[in-house]
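Have a look at data-v8.cif below; it lists mmCIF, C-alpha atoms (C1' of nucleotides).
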data_start
#
loop_
_atom_site.label_atom_id
_atom_site.label_comp_id
_atom_site.auth_asym_id
_atom_site.auth_seq_id
_atom_site.Cartn_x
_atom_site.Cartn_y
_atom_site.Cartn_z
CA MET R 1 12.36 20.15 -20.92
CA THR R 2 13.98 16.74 -20.68
CA ALA R 3 16.58 17.12 -23.44
CA GLN R 4 19.16 18.40 -20.95
CA PRO R 5 22.65 17.13 -20.39
CA GLU R 6 22.94 13.84 -18.56
CA ARG R 7 24.54 15.53 -15.58
CA LYS R 8 21.50 17.63 -14.85
CA ALA R 9 19.36 14.53 -14.56
CA GLN R 10 21.98 12.88 -12.34
CA LEU R 11 21.99 15.88 -10.06
CA ILE R 12 18.22 15.94 -9.86
CA ASP R 13 18.11 12.25 -8.95
CA ALA R 14 20.81 12.74 -6.38
CA THR R 15 18.91 15.67 -4.90
CA ILE R 16 15.82 13.56 -4.36
CA GLN R 17 17.80 10.68 -2.93
CA GLU R 18 19.82 12.88 -0.61
CA LEU R 19 16.66 14.64 0.50
CA GLY R 20 15.22 11.27 1.37
CA ALA R 21 18.34 10.28 3.25
CA THR R 22 18.58 13.36 5.46
CA GLY R 23 14.93 14.37 5.45
CA SER R 24 15.34 18.11 5.32
CA LEU R 25 16.22 20.93 3.00
CA SER R 26 19.43 21.40 4.91
CA VAL R 27 21.11 18.85 2.70
CA THR R 28 24.25 20.40 1.34
CA VAL R 29 24.98 20.89 -2.31
CA GLY R 30 28.25 19.12 -1.62
CA GLN R 31 26.48 15.96 -0.46
CA ILE R 32 24.22 16.01 -3.47
CA ALA R 33 27.10 16.50 -5.87
CA LYS R 34 29.06 13.74 -4.21
CA ARG R 35 26.17 11.33 -4.63
CA ALA R 36 25.89 12.36 -8.27
CA GLY R 37 29.62 11.80 -8.71
CA VAL R 38 30.45 15.34 -9.72
CA SER R 39 31.84 18.43 -8.07
CA SER R 40 29.58 20.81 -6.23
CA ALA R 41 30.68 23.60 -8.53
CA LEU R 42 28.95 21.83 -11.38
CA ALA R 43 25.66 21.90 -9.56
CA PHE R 44 25.95 25.64 -9.20
CA HIS R 45 26.95 25.94 -12.83
CA TYR R 46 23.78 24.21 -13.97
CA PHE R 47 21.22 25.38 -11.44
CA GLY R 48 22.51 28.70 -10.19
CA ASP R 49 21.69 28.10 -6.57
CA LYS R 50 20.40 25.53 -4.16
CA ASP R 51 16.76 26.57 -4.31
CA ARG R 52 16.57 26.19 -8.05
CA LEU R 53 18.18 22.78 -7.82
CA PHE R 54 15.52 21.69 -5.40
CA LEU R 55 12.74 23.16 -7.52
CA ALA R 56 14.03 21.27 -10.53
CA ALA R 57 13.86 18.09 -8.48
CA MET R 58 10.28 18.85 -7.49
CA ARG R 59 9.31 19.53 -11.08
CA HIS R 60 10.69 16.12 -11.92
CA ILE R 61 8.60 14.46 -9.23
CA LEU R 62 5.49 16.23 -10.48
CA ALA R 63 6.26 15.17 -14.03
CA VAL R 64 6.52 11.54 -12.97
CA TYR R 65 3.29 11.81 -11.01
CA GLY R 66 1.57 13.37 -14.01
CA ALA R 67 2.73 10.53 -16.21
CA GLU R 68 1.35 7.99 -13.75
CA VAL R 69 -2.01 9.69 -13.75
CA ARG R 70 -2.10 9.78 -17.52
CA ALA R 71 -1.19 6.10 -17.70
CA ALA R 72 -3.96 5.20 -15.26
CA LEU R 73 -6.52 7.21 -17.22
CA LYS R 74 -5.60 5.59 -20.48
CA GLU R 75 -6.80 2.22 -19.24
CA ALA R 76 -10.02 3.53 -17.75
CA GLY R 77 -13.36 3.64 -19.50
CA SER R 78 -16.26 4.92 -17.42
CA PRO R 79 -16.06 8.13 -15.36
CA ARG R 80 -16.11 6.00 -12.28
CA GLU R 81 -13.12 3.97 -13.48
CA ARG R 82 -11.30 7.16 -14.39
CA LEU R 83 -11.88 8.61 -10.92
CA ASP R 84 -10.56 5.40 -9.46
CA GLY R 85 -7.46 5.73 -11.65
CA THR R 86 -6.83 9.33 -10.63
CA ILE R 87 -7.17 8.46 -6.97
CA ARG R 88 -4.99 5.37 -7.10
CA ALA R 89 -2.26 7.22 -8.94
CA SER R 90 -2.11 9.67 -6.04
CA PHE R 91 -1.37 6.80 -3.70
CA SER R 92 0.94 4.88 -5.99
CA LYS R 93 4.05 3.06 -4.85
CA THR R 94 6.09 5.92 -6.27
CA SER R 95 4.32 8.48 -4.11
CA PHE R 96 5.16 6.45 -1.02
CA ARG R 97 8.84 6.06 -1.81
CA HIS R 98 10.50 7.57 1.20
CA ASP R 99 12.60 9.99 -0.79
CA VAL R 100 9.54 11.19 -2.68
CA ILE R 101 7.74 11.64 0.62
CA ALA R 102 10.57 13.74 1.97
CA ALA R 103 10.51 15.83 -1.18
CA TRP R 104 6.79 16.47 -0.84
CA LEU R 105 6.98 17.44 2.81
CA ASN R 106 9.79 19.85 2.20
CA PHE R 107 8.03 21.13 -0.86
CA TYR R 108 5.08 22.14 1.29
CA VAL R 109 7.41 24.09 3.53
CA LEU R 110 9.13 25.75 0.60
CA ALA R 111 5.82 26.65 -1.01
CA HIS R 112 5.07 28.78 2.00
CA ARG R 113 7.90 31.19 1.30
CA SER R 114 8.98 30.69 -2.30
CA ASP R 115 6.75 32.10 -5.02
CA GLU R 116 8.01 29.67 -7.60
CA ALA R 117 7.37 26.70 -5.34
CA ARG R 118 3.85 27.93 -4.62
CA ARG R 119 3.23 28.39 -8.30
CA LEU R 120 4.33 24.81 -8.88
CA LEU R 121 2.07 23.58 -6.11
CA GLY R 122 -0.78 25.45 -7.76
CA VAL R 123 -0.14 23.59 -10.98
CA TYR R 124 -0.51 20.30 -9.14
CA HIS R 125 -3.70 21.48 -7.45
CA ARG R 126 -5.31 22.64 -10.67
CA ARG R 127 -4.37 19.48 -12.52
CA LEU R 128 -5.86 17.23 -9.86
CA HIS R 129 -8.96 19.40 -9.60
CA ALA R 130 -9.48 19.45 -13.36
CA ASN R 131 -9.17 15.68 -13.58
CA LEU R 132 -11.65 15.13 -10.79
CA VAL R 133 -14.18 17.63 -12.09
CA HIS R 134 -14.00 16.22 -15.58
CA ASP R 135 -15.12 12.80 -14.42
CA LEU R 136 -17.41 13.97 -11.66
CA ARG R 137 -19.45 16.09 -14.04
CA PRO R 138 -21.42 13.18 -15.52
CA LEU R 139 -22.07 11.85 -12.01
CA ALA R 140 -22.70 14.99 -10.01
CA GLY R 141 -23.51 17.72 -12.51
CA SER R 142 -23.14 21.22 -11.14
CA ARG R 143 -22.02 19.95 -7.76
CA ALA R 144 -18.90 18.45 -9.35
CA PRO R 145 -16.46 21.29 -8.54
CA GLU R 146 -17.47 21.43 -4.92
CA ILE R 147 -17.14 17.70 -4.45
CA ALA R 148 -13.85 17.68 -6.35
CA ARG R 149 -12.44 20.22 -3.93
CA ARG R 150 -13.25 17.98 -1.01
CA LEU R 151 -11.91 14.84 -2.63
CA ALA R 152 -8.66 16.59 -3.53
CA ALA R 153 -8.19 17.82 0.02
CA LEU R 154 -9.05 14.37 1.32
CA ILE R 155 -6.38 12.87 -0.90
CA ASP R 156 -3.75 15.26 0.44
CA GLY R 157 -4.86 14.75 4.02
CA LEU R 158 -4.84 10.97 3.78
CA TYR R 159 -1.45 11.07 2.10
CA LEU R 160 -0.06 13.07 5.00
CA ARG R 161 -1.41 10.62 7.50
CA PHE R 162 -0.16 7.49 5.78
CA VAL R 163 3.18 9.16 5.27
CA HIS R 164 3.70 9.62 8.96
CA PHE R 165 2.00 6.44 10.11
CA PRO R 166 2.51 3.91 7.32
CA ARG R 167 0.64 0.66 6.95
CA ASP R 168 1.20 -2.19 4.58
CA GLU R 169 -2.09 -1.62 2.80
CA ALA R 170 -1.71 2.14 2.62
CA GLU R 171 -2.23 2.19 -1.11
CA ASP R 172 -5.52 0.28 -0.98
CA SER R 173 -6.73 1.67 2.28
CA ALA R 174 -6.28 5.29 1.25
CA SER R 175 -7.94 4.71 -2.13
CA ALA R 176 -10.84 2.93 -0.45
CA HIS R 177 -11.38 5.88 1.88
CA VAL R 178 -11.55 8.35 -0.97
CA LEU R 179 -13.90 6.12 -2.93
CA ALA R 180 -16.12 5.74 0.13
CA ALA R 181 -16.28 9.51 0.45
CA LEU R 182 -17.11 9.74 -3.24
CA ASP R 183 -19.93 7.23 -2.88
CA ALA R 184 -21.33 9.08 0.09
CA GLU R 185 -21.26 12.38 -1.80
CA LEU R 186 -23.01 10.85 -4.77
CA LYS R 187 -25.61 9.02 -2.74
CA ALA R 188 -26.42 12.19 -0.85
CA LEU R 189 -26.99 14.14 -4.02
CA PRO R 190 -30.48 15.77 -4.18
CA MET G 191 5.16 21.79 32.95
CA THR G 192 4.62 25.54 32.75
CA ALA G 193 5.76 26.59 36.19
CA GLN G 194 9.24 27.22 34.80
CA PRO G 195 11.03 30.55 34.61
CA GLU G 196 9.57 33.25 32.42
CA ARG G 197 12.51 32.95 30.05
CA LYS G 198 11.45 29.55 28.83
CA ALA G 199 8.11 30.93 27.66
CA GLN G 200 9.83 33.89 26.04
CA LEU G 201 12.14 31.59 24.12
CA ILE G 202 9.26 29.42 22.98
CA ASP G 203 7.35 32.45 21.73
CA ALA G 204 10.43 33.74 19.99
CA THR G 205 10.97 30.36 18.36
CA ILE G 206 7.50 30.40 16.86
CA GLN G 207 7.84 33.99 15.70
CA GLU G 208 11.26 33.46 14.19
CA LEU G 209 10.05 30.32 12.50
CA GLY G 210 7.28 32.34 10.96
CA ALA G 211 9.68 35.04 9.86
CA THR G 212 12.16 32.78 8.10
CA GLY G 213 9.84 29.90 7.27
CA SER G 214 12.24 27.07 7.85
CA LEU G 215 13.86 25.03 10.56
CA SER G 216 17.19 26.57 9.61
CA VAL G 217 16.50 29.45 11.95
CA THR G 218 19.46 29.80 14.23
CA VAL G 219 19.33 29.63 17.96
CA GLY G 220 21.11 32.96 17.91
CA GLN G 221 18.28 34.64 16.04
CA ILE G 222 15.72 33.15 18.36
CA ALA G 223 17.62 34.23 21.45
CA LYS G 224 18.08 37.71 20.07
CA ARG G 225 14.36 38.04 19.48
CA ALA G 226 13.72 36.83 23.01
CA GLY G 227 16.23 39.37 24.30
CA VAL G 228 18.57 36.85 25.86
CA SER G 229 21.84 35.19 24.96
CA SER G 230 21.88 32.06 22.88
CA ALA G 231 23.69 30.23 25.64
CA LEU G 232 20.58 30.57 27.77
CA ALA G 233 18.51 28.76 25.20
CA PHE G 234 20.92 25.86 25.33
CA HIS G 235 20.92 25.96 29.09
CA TYR G 236 17.15 25.52 29.24
CA PHE G 237 16.45 23.28 26.27
CA GLY G 238 19.65 21.36 25.66
CA ASP G 239 19.61 21.61 21.91
CA LYS G 240 17.80 23.15 19.02
CA ASP G 241 15.51 20.22 18.33
CA ARG G 242 14.16 20.17 21.85
CA LEU G 243 13.57 23.91 21.69
CA PHE G 244 11.52 23.44 18.58
CA LEU G 245 9.60 20.53 20.03
CA ALA G 246 8.76 22.60 23.08
CA ALA G 247 7.39 25.28 20.76
CA MET G 248 5.29 22.70 18.98
CA ARG G 249 3.96 21.33 22.24
CA HIS G 250 2.92 24.85 23.10
CA ILE G 251 1.06 25.24 19.83
CA LEU G 252 -0.72 21.95 20.38
CA ALA G 253 -1.62 22.99 23.91
CA VAL G 254 -3.18 26.21 22.65
CA TYR G 255 -5.05 24.31 19.97
CA GLY G 256 -6.30 21.83 22.56
CA ALA G 257 -7.53 24.67 24.72
CA GLU G 258 -9.43 26.18 21.80
CA VAL G 259 -11.11 22.87 21.10
CA ARG G 260 -12.10 22.48 24.73
CA ALA G 261 -13.50 26.00 24.81
CA ALA G 262 -15.53 25.37 21.67
CA LEU G 263 -16.91 22.13 23.09
CA LYS G 264 -17.94 23.73 26.34
CA GLU G 265 -20.47 25.91 24.55
CA ALA G 266 -21.89 23.12 22.42
CA GLY G 267 -24.89 21.01 23.29
CA SER G 268 -25.92 18.49 20.68
CA PRO G 269 -23.46 16.11 19.00
CA ARG G 270 -23.90 18.08 15.84
CA GLU G 271 -22.99 21.34 17.60
CA ARG G 272 -19.99 19.68 19.18
CA LEU G 273 -18.75 18.41 15.83
CA ASP G 274 -19.13 21.91 14.48
CA GLY G 275 -17.07 23.23 17.37
CA THR G 276 -14.29 20.70 16.87
CA ILE G 277 -14.12 21.51 13.20
CA ARG G 278 -14.17 25.27 13.60
CA ALA G 279 -11.43 25.13 16.20
CA SER G 280 -9.22 23.42 13.66
CA PHE G 281 -9.64 26.39 11.35
CA SER G 282 -9.48 29.08 13.98
CA LYS G 283 -7.75 32.41 13.50
CA THR G 284 -4.91 31.10 15.63
CA SER G 285 -4.30 28.16 13.33
CA PHE G 286 -3.99 30.53 10.40
CA ARG G 287 -1.51 32.86 12.03
CA HIS G 288 1.40 32.75 9.66
CA ASP G 289 3.91 31.79 12.31
CA VAL G 290 1.69 28.96 13.49
CA ILE G 291 1.36 27.83 9.90
CA ALA G 292 5.11 27.76 9.48
CA ALA G 293 5.43 25.78 12.67
CA TRP G 294 2.93 23.18 11.47
CA LEU G 295 4.56 22.77 8.08
CA ASN G 296 7.98 22.32 9.59
CA PHE G 297 6.50 20.04 12.20
CA TYR G 298 5.31 17.72 9.46
CA VAL G 299 8.82 17.60 8.05
CA LEU G 300 10.34 16.97 11.45
CA ALA G 301 7.81 14.24 12.23
CA HIS G 302 9.18 12.30 9.31
CA ARG G 303 12.58 11.84 10.89
CA SER G 304 12.22 12.58 14.61
CA ASP G 305 10.55 9.97 16.79
CA GLU G 306 9.55 12.50 19.41
CA ALA G 307 7.94 14.75 16.80
CA ARG G 308 6.06 11.82 15.33
CA ARG G 309 4.88 10.81 18.76
CA LEU G 310 3.57 14.33 19.29
CA LEU G 311 1.83 14.29 15.94
CA GLY G 312 0.22 11.01 16.95
CA VAL G 313 -1.14 12.66 20.06
CA TYR G 314 -2.80 15.31 17.93
CA HIS G 315 -4.22 12.67 15.59
CA ARG G 316 -5.67 10.59 18.37
CA ARG G 317 -7.19 13.57 20.15
CA LEU G 318 -8.91 14.78 17.02
CA HIS G 319 -10.06 11.27 16.16
CA ALA G 320 -11.41 10.66 19.64
CA ASN G 321 -13.34 13.92 19.63
CA LEU G 322 -14.89 13.19 16.27
CA VAL G 323 -15.80 9.61 17.10
CA HIS G 324 -17.35 10.58 20.40
CA ASP G 325 -19.85 12.88 18.72
CA LEU G 326 -20.30 10.84 15.58
CA ARG G 327 -21.32 7.77 17.52
CA PRO G 328 -24.88 8.93 18.20
CA LEU G 329 -25.24 9.91 14.55
CA ALA G 330 -23.45 7.14 12.72
CA GLY G 331 -23.21 4.23 15.16
CA SER G 332 -20.60 1.65 14.20
CA ARG G 333 -19.55 3.61 11.14
CA ALA G 334 -18.36 6.47 13.33
CA PRO G 335 -14.64 5.57 13.40
CA GLU G 336 -14.42 5.17 9.66
CA ILE G 337 -16.14 8.48 8.99
CA ALA G 338 -14.06 10.20 11.65
CA ARG G 339 -10.91 9.08 9.90
CA ARG G 340 -12.07 10.71 6.69
CA LEU G 341 -13.18 13.91 8.34
CA ALA G 342 -9.87 14.22 10.16
CA ALA G 343 -7.90 13.76 6.95
CA LEU G 344 -10.19 16.21 5.20
CA ILE G 345 -9.48 18.78 7.90
CA ASP G 346 -5.74 18.37 7.45
CA GLY G 347 -5.98 18.48 3.69
CA LEU G 348 -8.14 21.57 3.62
CA TYR G 349 -5.86 23.27 6.11
CA LEU G 350 -2.90 22.58 3.87
CA ARG G 351 -4.69 24.08 0.88
CA PHE G 352 -5.91 27.22 2.60
CA VAL G 353 -2.48 27.69 4.08
CA HIS G 354 -0.85 27.91 0.69
CA PHE G 355 -3.68 29.65 -1.10
CA PRO G 356 -5.40 31.79 1.49
CA ARG G 357 -8.79 33.40 1.10
CA ASP G 358 -10.56 35.87 3.30
CA GLU G 359 -13.27 33.42 4.22
CA ALA G 360 -10.90 30.52 4.80
CA GLU G 361 -12.24 29.89 8.27
CA ASP G 362 -15.87 29.62 7.16
CA SER G 363 -15.22 28.04 3.82
CA ALA G 364 -13.11 25.25 5.24
CA SER G 365 -15.58 24.52 8.02
CA ALA G 366 -18.45 24.50 5.53
CA HIS G 367 -16.63 21.94 3.40
CA VAL G 368 -16.11 19.60 6.31
CA LEU G 369 -19.71 19.96 7.41
CA ALA G 370 -20.89 19.27 3.88
CA ALA G 371 -18.82 16.10 3.83
CA LEU G 372 -20.27 15.15 7.19
CA ASP G 373 -23.82 15.67 5.93
CA ALA G 374 -23.13 13.58 2.85
CA GLU G 375 -21.70 10.76 4.96
CA LEU G 376 -24.70 10.80 7.27
CA LYS G 377 -27.25 11.00 4.51
CA ALA G 378 -25.62 8.08 2.73
CA LEU G 379 -25.78 5.89 5.80
CA PRO G 380 -27.64 2.57 5.21
"C1'" DG P 381 28.29 38.83 55.69
"C1'" DC P 382 28.79 34.05 53.95
"C1'" DA P 383 27.65 29.90 51.61
"C1'" DC P 384 24.75 28.10 48.13
"C1'" DT P 385 21.82 27.67 44.16
"C1'" DG P 386 19.93 28.95 39.97
"C1'" DT P 387 20.40 32.47 36.19
"C1'" DT P 388 22.76 34.64 32.57
"C1'" DT P 389 26.31 35.96 29.67
"C1'" DG P 390 30.68 36.81 26.55
"C1'" DA P 391 34.03 34.65 24.45
"C1'" DC P 392 35.45 30.76 22.05
"C1'" DT P 393 35.79 26.50 19.06
"C1'" DG P 394 35.61 23.35 15.57
"C1'" DG P 395 33.25 22.73 11.98
"C1'" DT P 396 30.23 23.56 7.96
"C1'" DC P 397 28.50 25.54 3.82
"C1'" DA P 398 26.88 28.35 -0.30
"C1'" DA P 399 28.82 30.53 -3.73
"C1'" DT P 400 32.87 32.22 -6.57
"C1'" DC P 401 36.83 31.93 -9.50
"C1'" DA P 402 40.57 30.82 -12.19
"C1'" DA P 403 42.00 27.23 -14.77
"C1'" DT P 404 41.79 22.94 -17.63
"C1'" DA P 405 39.72 19.72 -20.78
"C1'" DA P 406 36.48 18.59 -24.26
"C1'" DA P 407 33.45 19.56 -27.83
"C1'" DT P 408 31.73 22.46 -31.64
"C1'" DC P 409 32.11 25.60 -35.03
"C1'" DT P 410 34.28 28.08 -39.18
"C1'" DA C 411 43.80 24.18 -37.41
"C1'" DG C 412 42.45 27.98 -34.83
"C1'" DA C 413 38.68 30.19 -32.40
"C1'" DT C 414 34.83 29.93 -29.42
"C1'" DT C 415 31.82 27.93 -26.50
"C1'" DT C 416 30.61 24.44 -23.05
"C1'" DA C 417 31.74 21.13 -19.27
"C1'" DT C 418 34.12 20.41 -15.23
"C1'" DT C 419 36.92 20.85 -11.26
"C1'" DG C 420 40.04 22.16 -7.02
"C1'" DA C 421 40.85 25.53 -4.19
"C1'" DT C 422 39.27 29.26 -1.67
"C1'" DT C 423 36.50 32.62 0.83
"C1'" DG C 424 33.75 34.76 3.99
"C1'" DA C 425 30.17 34.10 6.75
"C1'" DC C 426 27.80 31.56 10.01
"C1'" DC C 427 26.42 28.37 13.57
"C1'" DA C 428 25.55 24.64 17.33
"C1'" DG C 429 27.15 23.80 21.36
"C1'" DT C 430 30.70 24.51 25.45
"C1'" DC C 431 32.70 26.76 29.41
"C1'" DA C 432 34.18 29.45 32.86
"C1'" DA C 433 32.90 33.22 35.11
"C1'" DA C 434 29.80 36.97 36.75
"C1'" DC C 435 25.43 37.92 38.90
"C1'" DA C 436 21.30 37.69 41.89
"C1'" DG C 437 18.55 35.86 45.22
"C1'" DT C 438 17.77 32.97 49.52
"C1'" DG C 439 18.62 31.05 53.80
"C1'" DC C 440 21.29 31.46 57.84
#

Mind turning this structure into structure tokens?
Amino acid sequence: MTAQPERKAQLIDATIQELGATGSLSVTVGQIAKRAGVSSALAFHYFGDKDRLFLAAMRHILAVYGAEVRAALKEAGSPRERLDGTIRASFSKTSFRHDVIAAWLNFYVLAHRSDEARRLLGVYHRRLHANLVHDLRPLAGSRAPEIARRLAALIDGLYLRFVHFPRDEAEDSASAHVLAALDAELKALP
Amino acid sequence: MTAQPERKAQLIDATIQELGATGSLSVTVGQIAKRAGVSSALAFHYFGDKDRLFLAAMRHILAVYGAEVRAALKEAGSPRERLDGTIRASFSKTSFRHDVIAAWLNFYVLAHRSDEARRLLGVYHRRLHANLVHDLRPLAGSRAPEIARRLAALIDGLYLRFVHFPRDEAEDSASAHVLAALDAELKALP
DNA sequence: GCACTGTTTGACTGGTCAATCAATAAATCT
DNA sequence: AGATTTATTGATTGACCAGTCAAACAGTGC
């Protein structure tokens, strides 16, 4: 999946950057190609059309995010530490890079009309859910899936809010909110 | 604000519908005008440019949402009932109309680069927050604002998820999740 | 019946853009 | 070395679109 020609990677990077610069999917393939230092025809040669170029960029972002989560989990021991890692990875510096933000926002829009984009979004959802459930199970037993669903939605919702109204301590503040919700859920367990 | 010619309202409706039909902000003023049964020049005459037309549409959606919240609150007595009303209004049938969904998703994108859109989004945030805090206060005292922040983010996050992966019982299921989170927060109070 | 004001349009412009294509260069194979 | 595939581009096309403008139209007051 990542053994492609150099140019493909350049174009994907340029897509993300250009998306961040203009903020909408109406970026032109020409602008992207220019930033990548190649002709626009090459972008079409490799990706077929604009949508597939953008989807490739989104897959790349999700791959990077997945790697960050895995890295965070590797250093965690207890379920509680692992949950903390999963949550913090969702609010990592990378996630708050303004080009990554723009990609995510436009991805949500695209997922509403493109089947492939929705499928990709589903992959992200399931991965996050599975991670949360795995480490909630020892703490919450059969209530784990239900609580995981709420924590996942809370993560997305907080992300959206910090994206539009950023603060310096977004990373910590957002994580703290999710952990507080987790504690409340656990404390309230029967 | 709404004592303007009928045509303005028609154009706003058409904007929302066309946005729902194509799913992205790249709808053309021509398409919108055609759906409204007028010439595109008229849209420019009334709204100046495309962005302002879209913002007017979004203001309309927020106004309808606000009215739904107010209606739900009118029938509620206890703080708990009022919270339930606020939450259910956020997941009303209207909010899940597919053209309203498309408008919200694109609104999030726009809010990332347009000051006026972000300002509008801030209005929505503050209104929701204020409503939640008002009715949480008797139940959670000084912790009300903090909990309200989480519930608001949870509402947005759940909305996003049900929007992309709809279920028949979305309305009830989403509300139930928020209420469950509320109960957990209250039960966990010191 | 005239002046005035707001409404509405058709025609136009200047520009943009996704996608294609024919052609060249470079690499790989046989 | 000749054949075949892959990488890459410049030029082009055909459609489309935001925004402008001058003019036609309709109502209102006088």

Next item on the list: Quick one: apply the PyMOL selection byres ((chain R and resi 173) around 12) to the file and drop the selected residues here as a list in words.
Entry: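 For this structure, the PyMOL selection byres ((chain R and resi 173) around 12) resolves to Ile87, Arg88, Phe91, Ser92, Ile155, Leu158, Tyr159, Arg161, Phe162, Pro166, Arg167, Asp168, Glu169, Ala170, Glu171, Asp172, Ala174, Ser175, Ala176, His177, Val178, Leu179 and Ala180 of chain R; Glu336, Arg339 and Arg340 of chain G.
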
Could you produce a table of the residues of chain R lying within 6 Å of chain G, with the nearest pair of atoms per residue and their separation in Å rounded to one decimal, using only C-alpha atoms, ordered by chain and increasing residue number, as JSON lines?
{"residue": "R:Leu105", "atom": "CA", "partner": "G:Val299", "partner_atom": "CA", "distance": 5.6}
{"residue": "R:Val109", "atom": "CA", "partner": "G:Leu295", "partner_atom": "CA", "distance": 5.5}
{"residue": "R:Ala153", "atom": "CA", "partner": "G:Gly347", "partner_atom": "CA", "distance": 4.3}
{"residue": "R:Leu154", "atom": "CA", "partner": "G:Leu344", "partner_atom": "CA", "distance": 4.4}
{"residue": "R:Asp156", "atom": "CA", "partner": "G:Gly347", "partner_atom": "CA", "distance": 5.1}
{"residue": "R:Gly157", "atom": "CA", "partner": "G:Gly347", "partner_atom": "CA", "distance": 3.9}
{"residue": "R:Leu158", "atom": "CA", "partner": "G:Ala343", "partner_atom": "CA", "distance": 5.2}
{"residue": "R:Ala184", "atom": "CA", "partner": "G:Ala378", "partner_atom": "CA", "distance": 5.1}
{"residue": "R:Glu185", "atom": "CA", "partner": "G:Ala374", "partner_atom": "CA", "distance": 5.2}
{"residue": "R:Lys187", "atom": "CA", "partner": "G:Ala378", "partner_atom": "CA", "distance": 5.6}
{"residue": "R:Ala188", "atom": "CA", "partner": "G:Ala374", "partner_atom": "CA", "distance": 5.1}

Resulting file, chosen residues, C-alpha atoms, as a PDB file, keeping the file's coordinate frame:
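Just written: result25.pdb:
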ATOM      1  CA  LEU R 105       6.980  17.440   2.810  1.00  0.00           C
ATOM      2  CA  VAL R 109       7.410  24.090   3.530  1.00  0.00           C
ATOM      3  CA  ALA R 153      -8.190  17.820   0.020  1.00  0.00           C
ATOM      4  CA  LEU R 154      -9.050  14.370   1.320  1.00  0.00           C
ATOM      5  CA  ASP R 156      -3.750  15.260   0.440  1.00  0.00           C
ATOM      6  CA  GLY R 157      -4.860  14.750   4.020  1.00  0.00           C
ATOM      7  CA  LEU R 158      -4.840  10.970   3.780  1.00  0.00           C
ATOM      8  CA  ALA R 184     -21.330   9.080   0.090  1.00  0.00           C
ATOM      9  CA  GLU R 185     -21.260  12.380  -1.800  1.00  0.00           C
ATOM     10  CA  LYS R 187     -25.610   9.020  -2.740  1.00  0.00           C
ATOM     11  CA  ALA R 188     -26.420  12.190  -0.850  1.00  0.00           C
TER      12      ALA R 188
END

Check: Between P:DA383, P:DA391, P:DA407, P:DA399, which is the closest to chain G once you count all atoms listed in the file?
Finding: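 Closest residue, counting all atoms listed in the file: P:DA391.
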
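When only C-alpha atoms (C1' of nucleotides) are used to compute distances to P:DA405, the closest of the residues C:DT438, C:DT430, C:DT418, C:DT423 turns out to be C:DT418.
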
Checklist line | Nearby residues (all atoms listed in the file) at most 12 Å from C:DA432, same-chain spacing under 3 positions excluded, as a list in words | finding: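 In the requested format, the answer is DT389, DG390, DA391 and DC392 of chain P.
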
Checklist line | Hits from the PyMOL selection byres ((chain G) within 10 of (chain C)), listed as JSON, numbers by chain | finding: {"G": [218, 219, 220, 230, 231, 234, 238, 239, 240]}

Check: Evaluating the PyMOL selection byres ((chain P) within 12 of (chain R)) on the displayed file yields which residues, as a list in words?
Finding: DT396, DC397, DA398, DA399, DT400 and DC401 of chain P

Write the residues of the preceding selection, restricted to C-alpha atoms (C1' of nucleotides), as a short mmCIF file (atom, residue, chain, number, x, y, z; two decimals), in the coordinates of the input.
data_model
loop_
_atom_site.label_atom_id
_atom_site.label_comp_id
_atom_site.auth_asym_id
_atom_site.auth_seq_id
_atom_site.Cartn_x
_atom_site.Cartn_y
_atom_site.Cartn_z
"C1'" DT P 396 30.23 23.56 7.96
"C1'" DC P 397 28.50 25.54 3.82
"C1'" DA P 398 26.88 28.35 -0.30
"C1'" DA P 399 28.82 30.53 -3.73
"C1'" DT P 400 32.87 32.22 -6.57
"C1'" DC P 401 36.83 31.93 -9.50
#

Note to self: What does the structure give for the distance between atom CA of R:Ser39 and atom CA of R:Leu11, in Å to one decimal?
What the structure shows: 10.4 Å

Notebook entry, point to check: For the atom pair atom CA of R:Lys8 and atom CA of R:Ser90, what is the interatomic distance in Å to one decimal place?
Noted result: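 Spanning atom CA of R:Lys8 to atom CA of R:Ser90 is a straight-line distance of 26.4 Å.
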
Next item on the list: Mind giving me the straight-line distance from atom CA of G:Arg225 to atom CA of G:Glu208 in Å, one decimal?
Entry: 7.7 Å

Once 8 Å is added on each side, what are the centre and the three edge lengths, in Å to one decimal, of the axis-aligned box enclosing the listed atoms of stretch 55-71 of chain R? Present them as AutoDock Vina command-line options.
--center_x 6.0 --center_y 14.6 --center_z -12.6 --size_x 32.1 --size_y 33.1 --size_z 26.2

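Distances to G:Arg287 were evaluated for G:Ile251, G:Leu232, G:Ala330, G:Ser268 using all atoms listed in the file, and the minimum falls at G:Ile251.
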
Check: When distances are computed from only C-alpha atoms, which of G:Arg333, G:His235, G:Phe244, G:Asp203 shows the smallest separation from G:Glu306?
Finding: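 Selected residue with least distance to G:Glu306: G:Phe244.
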
Check: Given the choices R:Val64, R:Arg82, R:Lys74, R:Val38, which gets closest to R:Glu6 if the distance is worked out from only C-alpha atoms?
Finding: R:Val38

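Look at G:His324: the protein and nucleic acid residues within 12 Å of it, using all atoms listed in the file and passing over chain neighbours fewer than 3 places away, are G:Leu263, G:Ser268, G:Pro269, G:Arg270, G:Arg272, G:Leu273, G:Thr276, G:Arg316, G:Arg317, G:Leu318, G:His319, G:Ala320, G:Asn321, G:Arg327, G:Pro328, G:Leu329, G:Ala330, G:Gly331, G:Ser332, G:Arg333, G:Ala334, G:Pro335, G:Ile337, G:Ala338.
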